[in-house]
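Q: So here's start24.tsv, just TSV, C-alpha atoms and all ligand atoms:
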```tsv
chain	number	residue	atom	x	y	z
Z	9	MET	CA	-75.39	36.97	143.97
Z	10	LYS	CA	-78.01	34.35	144.40
Z	11	THR	CA	-81.38	34.62	142.69
Z	12	GLY	CA	-84.26	34.48	145.18
Z	13	ARG	CA	-87.16	32.13	144.56
Z	14	ASN	CA	-89.53	35.01	143.82
Z	15	ASP	CA	-87.08	37.13	141.81
Z	16	PRO	CA	-87.48	37.35	138.03
Z	17	CYS	CA	-85.59	34.45	136.46
Z	18	TRP	CA	-82.09	35.19	135.11
Z	19	CYS	CA	-83.03	33.80	131.69
Z	20	GLY	CA	-85.29	36.75	130.87
Z	21	SER	CA	-88.46	34.73	130.43
Z	22	GLY	CA	-90.36	37.17	132.67
Z	23	ARG	CA	-91.39	34.37	135.02
Z	24	LYS	CA	-90.39	33.98	138.67
Z	25	TYR	CA	-87.23	31.98	139.26
Z	26	LYS	CA	-89.15	29.29	141.16
Z	27	LYS	CA	-91.53	28.84	138.20
Z	28	CYS	CA	-88.72	28.79	135.63
Z	29	HIS	CA	-85.09	27.77	136.14
Z	30	LEU	CA	-85.09	26.65	139.77
Z	31	ASP	CA	-84.16	22.96	139.78
Z	32	ARG	CA	-84.20	22.87	135.98
Z	33	GLU	CA	-81.40	20.30	135.96
Z	34	THR	CA	-83.80	17.82	137.52
Z	35	GLN	CA	-86.80	18.59	135.28
Z	36	PRO	CA	-87.78	16.01	132.63
Z	37	PRO	CA	-86.37	16.92	129.19
Z	38	THR	CA	-88.79	18.28	126.56
Z	39	LYS	CA	-90.01	15.58	124.23
Z	40	ALA	CA	-89.77	15.83	120.45
Z	41	SER	CA	-93.50	15.13	120.27
Z	42	ASP	CA	-94.18	18.38	122.18
Z	43	TRP	CA	-92.25	20.37	119.56
Z	44	ILE	CA	-94.07	18.66	116.72
Z	45	ALA	CA	-97.41	19.52	118.31
Z	46	THR	CA	-96.39	23.16	118.84
Z	47	LYS	CA	-95.14	23.57	115.30
Z	48	LYS	CA	-98.30	22.03	113.93
Z	49	THR	CA	-100.47	24.45	115.89
Z	50	GLN	CA	-98.40	27.45	114.77
Z	51	PHE	CA	-98.59	26.51	111.09
Z	52	SER	CA	-102.34	25.84	111.37
Z	53	LYS	CA	-103.17	29.44	112.22
Z	54	LYS	CA	-105.76	30.74	109.80
Z	55	THR	CA	-105.59	34.31	108.61
Z	56	CYS	CA	-106.30	36.33	105.50
Z	57	MET	CA	-103.14	38.24	104.69
Z	58	VAL	CA	-104.75	41.13	102.85
Z	59	PRO	CA	-103.94	44.62	104.18
Z	60	THR	CA	-106.14	45.76	107.11
Z	61	GLY	CA	-108.21	48.02	104.88
Z	62	MET	CA	-109.40	45.04	102.82
Z	63	LYS	CA	-110.22	42.71	105.72
Z	64	ALA	CA	-113.84	43.86	105.96
Z	65	ALA	CA	-114.37	42.39	102.49
Z	66	CYS	CA	-113.14	38.89	103.45
Z	67	GLU	CA	-115.60	36.16	102.49
Z	68	GLY	CA	-115.66	32.41	102.88
Z	69	LYS	CA	-113.36	30.19	104.86
Z	70	ILE	CA	-109.61	30.58	105.16
Z	71	ILE	CA	-108.37	28.10	102.62
Z	72	SER	CA	-105.21	26.18	102.01
Z	73	ALA	CA	-103.99	28.66	99.39
Z	74	HIS	CA	-101.41	27.74	96.75
Z	75	SER	CA	-98.42	30.06	96.63
Z	76	ILE	CA	-97.54	28.52	93.26
Z	77	SER	CA	-100.50	28.11	90.95
Z	78	LYS	CA	-101.64	24.53	90.75
Z	79	SER	CA	-103.00	24.25	87.24
Z	80	ALA	CA	-100.48	26.40	85.36
Z	81	ASN	CA	-97.30	25.63	87.30
Z	82	LEU	CA	-97.48	22.52	89.43
Z	83	LYS	CA	-99.57	20.16	87.30
Z	84	PRO	CA	-97.26	20.31	84.28
Z	85	LEU	CA	-94.39	19.14	86.54
Z	86	SER	CA	-96.32	16.33	88.17
Z	87	GLU	CA	-96.16	12.62	87.64
Z	88	GLY	CA	-99.04	10.64	89.10
Z	89	GLY	CA	-100.31	13.83	90.74
Z	90	HIS	CA	-97.03	14.42	92.60
Z	91	VAL	CA	-94.08	16.75	92.34
Z	92	LEU	CA	-90.85	16.57	94.29
Z	93	GLY	CA	-90.42	19.15	97.02
Z	94	LEU	CA	-88.30	20.02	100.04
Z	95	SER	CA	-90.88	20.89	102.65
Z	96	ALA	CA	-90.27	18.55	105.54
Z	97	SER	CA	-92.34	18.31	108.66
Z	98	LEU	CA	-90.56	18.22	111.99
Z	99	SER	CA	-91.40	14.54	112.33
Z	100	ASP	CA	-89.84	13.88	108.88
Z	101	LEU	CA	-86.74	15.74	110.03
Z	102	ILE	CA	-86.47	13.72	113.20
Z	103	GLU	CA	-86.79	10.57	111.11
Z	104	THR	CA	-84.03	11.65	108.70
Z	105	LYS	CA	-81.85	13.10	111.52
Z	106	GLY	CA	-82.31	16.65	110.30
Z	107	LYS	CA	-81.62	15.96	106.66
Z	108	ILE	CA	-83.96	17.45	104.07
Z	109	VAL	CA	-84.63	14.88	101.39
Z	110	PRO	CA	-86.65	15.70	98.24
Z	111	ARG	CA	-89.92	13.85	98.60
Z	112	PRO	CA	-93.10	13.48	96.55
Z	113	ILE	CA	-95.84	15.94	97.46
Z	114	GLY	CA	-99.36	15.97	95.98
Z	115	VAL	CA	-100.06	18.99	93.77
Z	116	GLY	CA	-103.07	19.75	95.95
Z	117	GLN	CA	-100.77	20.30	98.95
Z	118	ALA	CA	-97.60	21.59	97.36
Z	119	SER	CA	-96.82	25.24	98.19
Z	120	THR	CA	-100.03	25.78	100.19
Z	121	PHE	CA	-100.46	27.83	103.37
Z	122	LEU	CA	-103.48	29.01	105.39
Z	123	GLY	CA	-103.01	32.63	104.40
Z	124	PHE	CA	-106.07	33.79	102.43
Z	125	CYS	CA	-109.85	33.67	102.56
Z	126	ALA	CA	-111.57	31.98	99.62
Z	127	LYS	CA	-112.63	35.26	98.08
Z	128	HIS	CA	-109.29	37.03	98.24
Z	129	ASP	CA	-107.37	34.00	97.08
Z	130	ARG	CA	-109.64	33.92	94.03
Z	131	GLU	CA	-109.69	37.65	93.33
Z	132	LEU	CA	-106.17	38.82	94.11
Z	133	PHE	CA	-104.45	36.17	92.04
Z	134	SER	CA	-106.95	35.88	89.22
Z	135	CYS	CA	-104.62	37.81	86.92
Z	136	ILE	CA	-101.98	35.10	87.25
Z	137	GLU	CA	-104.28	32.11	87.75
Z	138	ASN	CA	-106.77	32.72	84.97
Z	139	GLU	CA	-104.94	34.89	82.47
Z	140	GLU	CA	-101.99	34.12	80.23
Z	141	PHE	CA	-98.83	35.27	82.01
Z	142	SER	CA	-97.00	38.00	80.13
Z	143	ALA	CA	-95.26	39.81	83.01
Z	144	ARG	CA	-97.65	42.75	83.11
Z	145	ASN	CA	-97.22	45.05	86.12
Z	146	ASP	CA	-100.34	43.73	87.88
Z	147	GLN	CA	-99.20	40.12	87.30
Z	148	LEU	CA	-95.71	40.77	88.62
Z	149	HIS	CA	-97.20	42.47	91.66
Z	150	SER	CA	-99.55	39.56	92.42
Z	151	LEU	CA	-96.75	37.07	91.98
Z	152	ALA	CA	-94.43	39.01	94.28
Z	153	PHE	CA	-97.11	39.66	96.90
Z	154	ARG	CA	-97.96	35.96	97.09
Z	155	SER	CA	-94.29	34.96	97.50
Z	156	LEU	CA	-93.91	37.57	100.20
Z	157	CYS	CA	-97.09	36.60	102.09
Z	158	ARG	CA	-96.13	32.94	102.29
Z	159	GLU	CA	-92.72	33.77	103.77
Z	160	TYR	CA	-94.12	36.43	106.10
Z	161	TYR	CA	-96.72	33.93	107.33
Z	162	GLY	CA	-93.88	31.50	108.05
Z	163	LYS	CA	-91.87	34.17	109.89
Z	164	GLN	CA	-94.82	34.80	112.16
Z	165	ALA	CA	-95.35	31.09	112.70
Z	166	VAL	CA	-91.76	30.41	113.79
Z	167	ASP	CA	-92.28	32.68	116.78
Z	168	PHE	CA	-92.41	29.48	118.83
Z	169	MET	CA	-88.78	28.63	117.99
Z	170	PRO	CA	-87.06	30.73	120.66
Z	171	ASN	CA	-89.39	29.35	123.33
Z	172	MET	CA	-88.79	25.86	122.09
Z	173	ILE	CA	-85.03	26.37	122.28
Z	174	ALA	CA	-85.37	27.93	125.74
Z	175	ASP	CA	-86.99	24.72	126.95
Z	176	MET	CA	-84.23	22.50	125.59
Z	177	ASP	CA	-82.16	22.87	128.77
Z	178	LYS	CA	-84.50	20.91	131.01
Z	179	GLY	CA	-82.55	18.21	132.79
Z	180	LYS	CA	-79.21	19.79	131.77
Z	181	SER	CA	-76.33	21.21	133.82
Z	182	ASN	CA	-76.10	24.90	134.77
Z	183	ASP	CA	-73.49	25.56	132.06
Z	184	ASP	CA	-75.73	24.04	129.45
Z	185	GLN	CA	-78.64	26.11	130.73
Z	186	PHE	CA	-76.70	29.36	130.20
Z	187	MET	CA	-75.64	28.30	126.70
Z	188	THR	CA	-79.16	27.30	125.75
Z	189	GLN	CA	-80.69	30.56	126.98
Z	190	ALA	CA	-78.08	32.58	125.10
Z	191	MET	CA	-78.92	30.65	121.94
Z	192	SER	CA	-82.62	31.23	122.46
Z	193	LEU	CA	-82.08	34.96	122.87
Z	194	LEU	CA	-79.99	35.10	119.69
Z	195	ASN	CA	-82.68	33.20	117.84
Z	196	ARG	CA	-85.41	35.52	119.15
Z	197	THR	CA	-83.49	38.63	118.12
Z	198	GLY	CA	-82.83	37.18	114.68
Z	199	ILE	CA	-86.47	36.30	114.09
Z	200	GLU	CA	-87.68	39.72	115.25
Z	201	SER	CA	-85.21	41.52	113.02
Z	202	SER	CA	-86.09	39.42	110.00
Z	203	LYS	CA	-89.80	39.90	110.64
Z	204	ASN	CA	-89.29	43.65	110.52
Z	205	ASP	CA	-87.56	43.41	107.14
Z	206	PHE	CA	-90.53	41.48	105.79
Z	207	LYS	CA	-93.08	43.78	107.41
Z	208	LYS	CA	-91.73	46.79	105.55
Z	209	ALA	CA	-92.03	45.05	102.17
Z	210	TYR	CA	-95.41	43.57	103.08
Z	211	ASN	CA	-96.90	46.93	104.11
Z	212	GLU	CA	-95.79	48.58	100.92
Z	213	LEU	CA	-96.93	45.85	98.55
Z	214	GLY	CA	-100.21	45.50	100.44
Z	215	LYS	CA	-100.89	49.20	100.15
Z	216	ALA	CA	-100.19	49.14	96.41
Z	217	LEU	CA	-102.56	46.23	96.06
Z	218	GLU	CA	-105.28	48.12	97.91
Z	219	LEU	CA	-104.86	51.14	95.65
Z	220	ARG	CA	-104.40	48.93	92.60
Z	221	GLU	CA	-101.32	50.94	91.79
Z	222	PHE	CA	-98.70	48.57	90.49
Z	223	LYS	CA	-95.62	50.66	89.89
Z	224	SER	CA	-93.93	50.24	93.25
Z	225	LEU	CA	-91.87	47.25	92.14
Z	226	GLU	CA	-88.88	46.87	89.90
Z	227	SER	CA	-88.36	43.52	88.25
Z	228	LEU	CA	-85.97	41.49	86.22
Z	229	VAL	CA	-87.99	39.18	83.99
Z	230	ILE	CA	-86.24	36.35	82.18
Z	231	TYR	CA	-88.16	34.38	79.60
Z	232	PHE	CA	-87.32	30.86	78.43
Z	233	ASP	CA	-89.14	29.53	75.38
Z	234	GLU	CA	-89.61	26.09	76.90
Z	235	LYS	CA	-91.36	24.66	79.94
Z	236	LEU	CA	-88.81	24.39	82.71
Z	237	PRO	CA	-89.14	21.35	85.01
Z	238	PHE	CA	-89.30	23.35	88.25
Z	239	ALA	CA	-91.38	26.05	89.93
Z	240	PHE	CA	-90.63	28.26	92.91
Z	241	SER	CA	-92.06	31.18	94.86
Z	242	SER	CA	-90.05	32.69	97.65
Z	243	ALA	CA	-88.70	35.86	99.25
Z	244	TRP	CA	-85.65	36.49	101.36
Z	245	ALA	CA	-83.18	39.23	102.26
Z	246	PRO	CA	-80.07	38.27	100.28
Z	247	LEU	CA	-76.91	39.00	102.24
Z	248	ARG	CA	-74.64	38.03	99.39
Z	249	LEU	CA	-74.61	38.32	95.62
Z	250	LEU	CA	-74.69	35.23	93.46
Z	251	ASP	CA	-70.90	35.16	93.21
Z	252	GLY	CA	-70.66	35.09	97.02
Z	253	SER	CA	-69.55	38.70	97.56
Z	254	ASP	CA	-71.14	40.75	100.34
Z	255	LEU	CA	-74.35	42.67	99.70
Z	256	GLN	CA	-76.16	43.48	102.95
Z	257	ASP	CA	-75.02	43.27	106.55
Z	258	GLY	CA	-77.19	40.71	108.27
Z	259	SER	CA	-75.06	40.54	111.40
Z	260	ASP	CA	-76.08	44.05	112.45
Z	261	LEU	CA	-79.61	43.42	113.68
Z	262	GLN	CA	-80.42	47.15	113.84
Z	263	HIS	CA	-79.78	47.43	110.14
Z	264	GLU	CA	-82.87	46.84	108.00
Z	265	CYS	CA	-82.30	44.41	105.18
Z	266	GLU	CA	-84.07	44.54	101.84
Z	267	VAL	CA	-86.23	41.58	100.84
Z	268	VAL	CA	-86.19	40.32	97.25
Z	269	MET	CA	-88.94	38.11	95.78
Z	270	PHE	CA	-88.28	35.25	93.38
Z	271	ALA	CA	-90.96	33.37	91.43
Z	272	THR	CA	-91.54	31.37	88.27
Z	273	ALA	CA	-94.64	31.61	86.08
Z	274	GLN	CA	-95.50	29.35	83.18
Z	275	SER	CA	-97.14	30.62	80.02
Z	276	THR	CA	-98.54	28.50	77.19
Z	277	ASN	CA	-95.19	28.05	75.49
Z	278	GLY	CA	-92.55	28.94	78.01
Z	279	THR	CA	-91.47	29.89	81.51
Z	280	TYR	CA	-90.85	33.26	83.08
Z	281	ILE	CA	-88.52	33.74	86.02
Z	282	CYS	CA	-89.33	36.99	87.81
Z	283	ILE	CA	-87.13	38.67	90.38
Z	284	ASN	CA	-88.94	41.54	92.09
Z	285	TRP	CA	-87.97	44.18	94.66
Z	286	ARG	CA	-89.28	47.47	96.04
Z	287	LYS	CA	-88.24	50.59	94.15
Z	288	ASP	CA	-86.80	51.86	97.43
Z	289	GLY	CA	-84.68	48.72	97.59
Z	290	ALA	CA	-83.35	49.22	94.07
Z	291	LYS	CA	-79.73	49.15	95.19
Z	292	VAL	CA	-80.06	45.61	96.52
Z	293	GLY	CA	-82.43	44.26	93.85
Z	294	GLN	CA	-80.49	45.64	90.92
Z	295	ALA	CA	-77.23	44.32	92.36
Z	296	ILE	CA	-78.73	40.83	92.55
Z	297	ALA	CA	-80.03	41.11	88.99
Z	298	ARG	CA	-76.68	42.35	87.65
Z	299	SER	CA	-74.74	39.67	89.50
Z	300	LEU	CA	-76.90	37.11	87.68
Z	301	LEU	CA	-76.58	38.74	84.27
Z	302	ASN	CA	-72.80	38.90	84.68
Z	303	TYR	CA	-72.66	35.17	84.05
Z	304	PRO	CA	-72.56	33.88	80.48
Z	305	GLU	CA	-76.07	33.22	79.11
Z	306	GLU	CA	-75.69	29.46	79.18
Z	307	SER	CA	-74.88	29.55	82.94
Z	308	GLN	CA	-77.57	31.97	84.10
Z	309	LEU	CA	-80.39	29.50	84.69
Z	310	SER	CA	-78.18	27.01	86.56
Z	311	VAL	CA	-76.61	29.70	88.71
Z	312	LEU	CA	-80.00	31.15	89.64
Z	313	LEU	CA	-81.41	27.73	90.40
Z	314	GLN	CA	-78.51	27.00	92.74
Z	315	PHE	CA	-79.12	30.34	94.45
Z	316	VAL	CA	-82.81	29.46	94.94
Z	317	PHE	CA	-81.99	25.99	96.29
Z	318	GLN	CA	-79.65	27.63	98.77
Z	319	HIS	CA	-82.28	30.00	100.15
Z	320	ALA	CA	-85.80	28.75	99.47
Z	321	ASP	CA	-87.77	25.69	100.49
Z	322	ASN	CA	-90.85	26.56	98.43
Z	323	ILE	CA	-89.47	24.95	95.29
Z	324	PHE	CA	-90.95	21.98	93.44
Z	325	PHE	CA	-89.60	19.96	90.57
Z	326	GLN	CA	-90.20	17.12	88.20
Z	327	ARG	CA	-89.01	13.75	89.42
Z	328	ARG	CA	-87.75	12.80	85.94
Z	329	TRP	CA	-85.53	15.88	85.75
Z	330	PHE	CA	-84.10	15.41	89.24
Z	331	GLU	CA	-83.37	11.72	88.81
Z	332	ALA	CA	-81.61	12.32	85.51
Z	333	LEU	CA	-79.08	14.62	87.20
Z	334	SER	CA	-75.64	13.17	87.86
Z	335	VAL	CA	-74.70	12.17	91.40
Z	336	LYS	CA	-72.31	15.13	91.51
Z	337	LYS	CA	-75.07	17.59	90.63
Z	338	ARG	CA	-77.45	16.11	93.15
Z	339	LYS	CA	-74.75	16.32	95.80
Z	340	GLN	CA	-74.29	19.99	95.02
Z	341	ILE	CA	-78.04	20.60	95.38
Z	342	ASP	CA	-78.00	18.71	98.67
Z	343	LYS	CA	-75.14	20.85	99.92
Z	344	LEU	CA	-76.91	24.07	98.95
Z	345	ILE	CA	-80.16	22.98	100.60
Z	346	HIS	CA	-78.41	22.33	103.89
Z	347	ASP	CA	-76.27	25.43	103.83
Z	348	GLY	CA	-77.18	27.84	106.58
Z	349	ILE	CA	-79.86	25.75	108.25
Z	350	ASP	CA	-77.52	23.83	110.45
Z	351	PHE	CA	-78.21	25.04	113.93
Z	352	PHE	CA	-74.66	24.88	115.18
Z	353	GLY	CA	-73.07	26.17	111.99
Z	354	SER	CA	-71.07	23.04	111.38
Z	355	THR	CA	-72.04	22.94	107.70
Z	356	PRO	CA	-69.44	24.86	105.75
Z	357	ASP	CA	-70.67	27.63	103.44
Z	358	ALA	CA	-71.78	26.14	100.16
Z	359	HIS	CA	-70.83	27.91	96.97
Z	360	ILE	CA	-72.55	28.17	93.64
Z	361	ILE	CA	-70.64	26.34	90.93
Z	362	PRO	CA	-71.03	28.52	87.80
Z	363	ASP	CA	-70.19	25.89	85.22
Z	364	MET	CA	-72.34	23.15	86.70
Z	365	ARG	CA	-75.31	22.86	84.32
Z	366	LEU	CA	-78.46	21.83	86.10
Z	367	HIS	CA	-80.48	22.63	83.00
Z	368	PRO	CA	-79.35	23.51	79.47
Z	369	ALA	CA	-81.92	26.26	78.69
Z	370	THR	CA	-80.68	29.76	77.83
Z	371	PRO	CA	-82.79	32.92	78.22
Z	372	LYS	CA	-84.77	33.90	75.14
Z	373	ASN	CA	-85.50	37.37	76.43
Z	374	VAL	CA	-84.48	39.54	79.40
Z	375	ALA	CA	-86.59	42.55	80.44
Z	376	TYR	CA	-85.86	45.26	83.01
Z	377	VAL	CA	-89.30	46.33	84.26
Z	378	ASN	CA	-89.73	49.82	85.82
Z	379	TRP	CA	-85.98	50.36	86.39
P	1	ZN	ZN	-85.67	30.90	133.50
P	2	ZN	ZN	-109.78	37.85	102.79
```
Translate this file's structure into C-alpha cells.

A:
Amino acid sequence: MKTGRNDPCWCGSGRKYKKCHLDRETQPPTKASDWIATKKTQFSKKTCMVPTGMKAACEGKIISAHSISKSANLKPLSEGGHVLGLSASLSDLIETKGKIVPRPIGVGQASTFLGFCAKHDRELFSCIENEEFSARNDQLHSLAFRSLCREYYGKQAVDFMPNMIADMDKGKSNDDQFMTQAMSLLNRTGIESSKNDFKKAYNELGKALELREFKSLESLVIYFDEKLPFAFSSAWAPLRLLDGSDLQDGSDLQHECEVVMFATAQSTNGTYICINWRKDGAKVGQAIARSLLNYPEESQLSVLLQFVFQHADNIFFQRRWFEALSVKKRKQIDKLIHDGIDFFGSTPDAHIIPDMRLHPATPKNVAYVNW
C-alpha cells in the first residue's frame, strides 16, 4: 500500500506525508549545530520546581540554583575556583567524539540548573545550606528533594531527544529511515516511562515539603570522619544491585520503577553519604542499602563511588585526588562513566570491581533512618 501525499505519515509524527517523509532521502541532513541550539534552549527553560500549591509564593527571578551546595561542598574540593566534573555540553561531546572527559568547572556553575526562584532556593534548602549537617529528617528531605528536582528537570528537558533522532534520517535511504524512526519511538517511550517514575517520587516529596512533614523517606546515612574529595547529588531508578544482580525490570515499560536518591553532605569535620528512598519503595531502597553493606567496610566507599560514576553525571571531585589515581583506576572510572550511554549499545556492561580502592576511608558510623 502506498501512502498518499495527504495521508498521515507512516512515522507517526502526526504530520501529513508530504510535509514529513515524502522525498526525505533528498532532504539536507540535520546539522549538529541545530541540535546544539535545541538542547541549549531546552536546558535554558526557567521554572520553579516547588509543588503547585507553593507556586503563588514564588518571589524573585529564577536563578541558576546549585544542586550541591557551593560553600559547604564544592568550595572545599576546588583548586583555583574549579572542581573536576563530567557535565559535557553537546558541542564538547562532538569535539571529543562522544567521549565524556573530566573537565574543570567553576564552582559557581558546577551542579546548577534553572529550577528554583530566588526565594525558594534560599528557603527550602536553608537547613542544609546554613545549618550544620547532622542528617536530621528535614535535612535529608531537602537533600533528596534537590537531587530529585535536578534529575526531573533534566528528564523534562530531554523531551527534544526523540524529535532530534527522528530528524536524523534526512538524506538517508528508506531502510535507514525505518530504522531511525523505530529508534526514535523507542527513545520516546523510554523517556516517557522514566518521567513517570520520577513524577511519582517528585509528587510525594513535594507534598511532604508543603506540609513540612518529613517522615516519608527512609535513608541509609553513612558518616566518614574526614572530608572526602568528591561531592554528588543524583537520583535514578536502579535496575541492578551493586553486585550486578537484578533488582527492577526496566525493560517492561508498563512497570513503574522506584527512584532512589544519592547525595553527599559535608559537615565541619566529616562527610555524610545519604541514600534516600520513599517509604513505599522500601523494597528497592533497602535492597540497594543492603547490597552496599554486604561488602567489607574497607570496600564500601569505593564500591558506592563506582556505582555513582556508573549512573550519575552530577558528580564533582578534587583534581588532586583524581590525578593521583593509578591509570588502571582511572580507566575503570572511564569505563563506568561510558557504560549505558552508548547509543548503539556497543559498550559492554561495566562492572564494579569490589577490591579496587578509589579512596581508603572506612565508615565511622552507619545509621538506618526511619526503617
Ligand atoms: Zn514522517
Ligand atoms: Zn519559587

Q: Could the residues that lie within 6 Å of ligand ZN 1 (chain P), counting only C-alpha atoms and all ligand atoms, be listed as a list in words?

A: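 Going residue by residue within 6 Å of ligand ZN 1 (chain P), we get Cys17, Trp18, Cys19, Ser21, Cys28 and His29 of chain Z.
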
Q: Between Z:Leu30, Z:Met62, Z:Ala45, Z:Ala216, which residue has the minimum interatomic distance to ligand ZN 2 (chain P), considering all atoms listed in the file?

A: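 For ligand ZN 2 (chain P), the nearest of the given residues is Z:Met62.
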
Q: Hey, what's within 12 Å of Glu305 of chain Z if we count only C-alpha atoms and toss same-chain stuff fewer than 4 positions away? As a PyMOL selection string, please?

A: chain Z and resi 230+232+300-301+309-312+362-363+365+368-374

Q: Could you list, as a PyMOL selection string, all residues that come within 7 Å of ligand ZN 2 (chain P)? Count all atoms listed in the file.

A: chain Z and resi 56-58+63+65-67+124-128

Q: How far is it from atom CA of Tyr303 of chain Z to atom CA of Gly252 of chain Z, in Å with one decimal?

A: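 Computed distance, atom CA of Tyr303 of chain Z to atom CA of Gly252 of chain Z, equals 13.1 Å.
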
Q: Record the distance separating atom CA of Leu344 of chain Z and atom CA of Pro246 of chain Z, expressed in Å with one decimal.

A: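 If I compute the distance from atom CA of Leu344 of chain Z to atom CA of Pro246 of chain Z, I get 14.6 Å.
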
Q: Calculate, to one decimal in Å, the centre and edge lengths of the box along x, y and z of the file that holds all listed atoms of segment 160-172 of chain Z with 6 Å of margin on each side, and present them as lines of an AutoDock Vina configuration file.

A:
```
center_x = -91.9
center_y = 31.1
center_z = 114.7
size_x = 21.7
size_y = 22.6
size_z = 29.2
```

Q: Could you work out how far atom CA of Gly114 of chain Z lies from atom CA of His90 of chain Z, giving the answer in Å with one decimal?

A: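 According to the coordinates, atom CA of His90 of chain Z and atom CA of Gly114 of chain Z are separated by 4.4 Å.
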
Q: Tell me which protein, DNA and RNA residues are within 12 Å of Leu366 of chain Z, counting only C-alpha atoms, leaving out same-chain ones fewer than 4 positions away, and put them as a count of residues only.

A: 31

Q: Taking (-103.3, 25.9, 110.9) in the file's own coordinates, collect the residues within 10 Å, counting all atoms listed in the file, and hand them back as a list of chain:residue names.

A: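 Checked against the point, the hits come out as Z:Lys47, Z:Lys48, Z:Thr49, Z:Gln50, Z:Phe51, Z:Ser52, Z:Lys53, Z:Lys54, Z:Thr55, Z:Ile70, Z:Ile71, Z:Ser72, Z:Phe121, Z:Leu122, Z:Gly123, Z:Ala165.
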
Q: My structure is short of atoms at segment 31-49 of chain Z; please model N, CA and C atoms there, returning them as a short mmCIF file (atom, residue, chain, number, x, y, z; two decimals), in the coordinates of the input.

A:
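Printed below is out.cif as written:
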```cif
data_model
loop_
_atom_site.label_atom_id
_atom_site.label_comp_id
_atom_site.auth_asym_id
_atom_site.auth_seq_id
_atom_site.Cartn_x
_atom_site.Cartn_y
_atom_site.Cartn_z
N ASP Z 31 -84.16 24.44 139.90
CA ASP Z 31 -84.16 22.96 139.78
C ASP Z 31 -84.34 22.46 138.34
N ARG Z 32 -83.99 23.29 137.37
CA ARG Z 32 -84.20 22.87 135.98
C ARG Z 32 -83.41 21.61 135.64
N GLU Z 33 -82.23 21.47 136.30
CA GLU Z 33 -81.40 20.30 135.96
C GLU Z 33 -82.08 18.98 136.32
N THR Z 34 -83.12 19.07 137.16
CA THR Z 34 -83.80 17.82 137.52
C THR Z 34 -85.15 17.67 136.80
N GLN Z 35 -85.51 18.67 135.97
CA GLN Z 35 -86.80 18.59 135.28
C GLN Z 35 -86.71 17.61 134.11
N PRO Z 36 -87.82 16.96 133.76
CA PRO Z 36 -87.78 16.01 132.63
C PRO Z 36 -87.55 16.75 131.32
N PRO Z 37 -86.66 16.25 130.46
CA PRO Z 37 -86.37 16.92 129.19
C PRO Z 37 -87.63 17.03 128.30
N THR Z 38 -87.67 18.10 127.49
CA THR Z 38 -88.79 18.28 126.56
C THR Z 38 -88.78 17.16 125.53
N LYS Z 39 -89.93 16.66 125.20
CA LYS Z 39 -90.01 15.58 124.23
C LYS Z 39 -90.20 16.13 122.82
N ALA Z 40 -89.64 15.42 121.84
CA ALA Z 40 -89.77 15.83 120.45
C ALA Z 40 -91.24 15.96 120.05
N SER Z 41 -92.07 15.09 120.64
CA SER Z 41 -93.50 15.13 120.27
C SER Z 41 -94.15 16.45 120.69
N ASP Z 42 -93.64 17.08 121.77
CA ASP Z 42 -94.18 18.38 122.18
C ASP Z 42 -93.88 19.44 121.12
N TRP Z 43 -92.65 19.40 120.58
CA TRP Z 43 -92.25 20.37 119.56
C TRP Z 43 -93.10 20.19 118.31
N ILE Z 44 -93.29 18.93 117.93
CA ILE Z 44 -94.07 18.66 116.72
C ILE Z 44 -95.48 19.23 116.88
N ALA Z 45 -96.05 19.02 118.06
CA ALA Z 45 -97.41 19.52 118.31
C ALA Z 45 -97.44 21.04 118.25
N THR Z 46 -96.42 21.70 118.86
CA THR Z 46 -96.39 23.16 118.84
C THR Z 46 -96.25 23.70 117.43
N LYS Z 47 -95.35 23.09 116.66
CA LYS Z 47 -95.14 23.57 115.30
C LYS Z 47 -96.41 23.42 114.47
N LYS Z 48 -97.06 22.31 114.66
CA LYS Z 48 -98.30 22.03 113.93
C LYS Z 48 -99.35 23.10 114.23
N THR Z 49 -99.49 23.44 115.51
CA THR Z 49 -100.47 24.45 115.89
C THR Z 49 -100.12 25.79 115.25
#
```
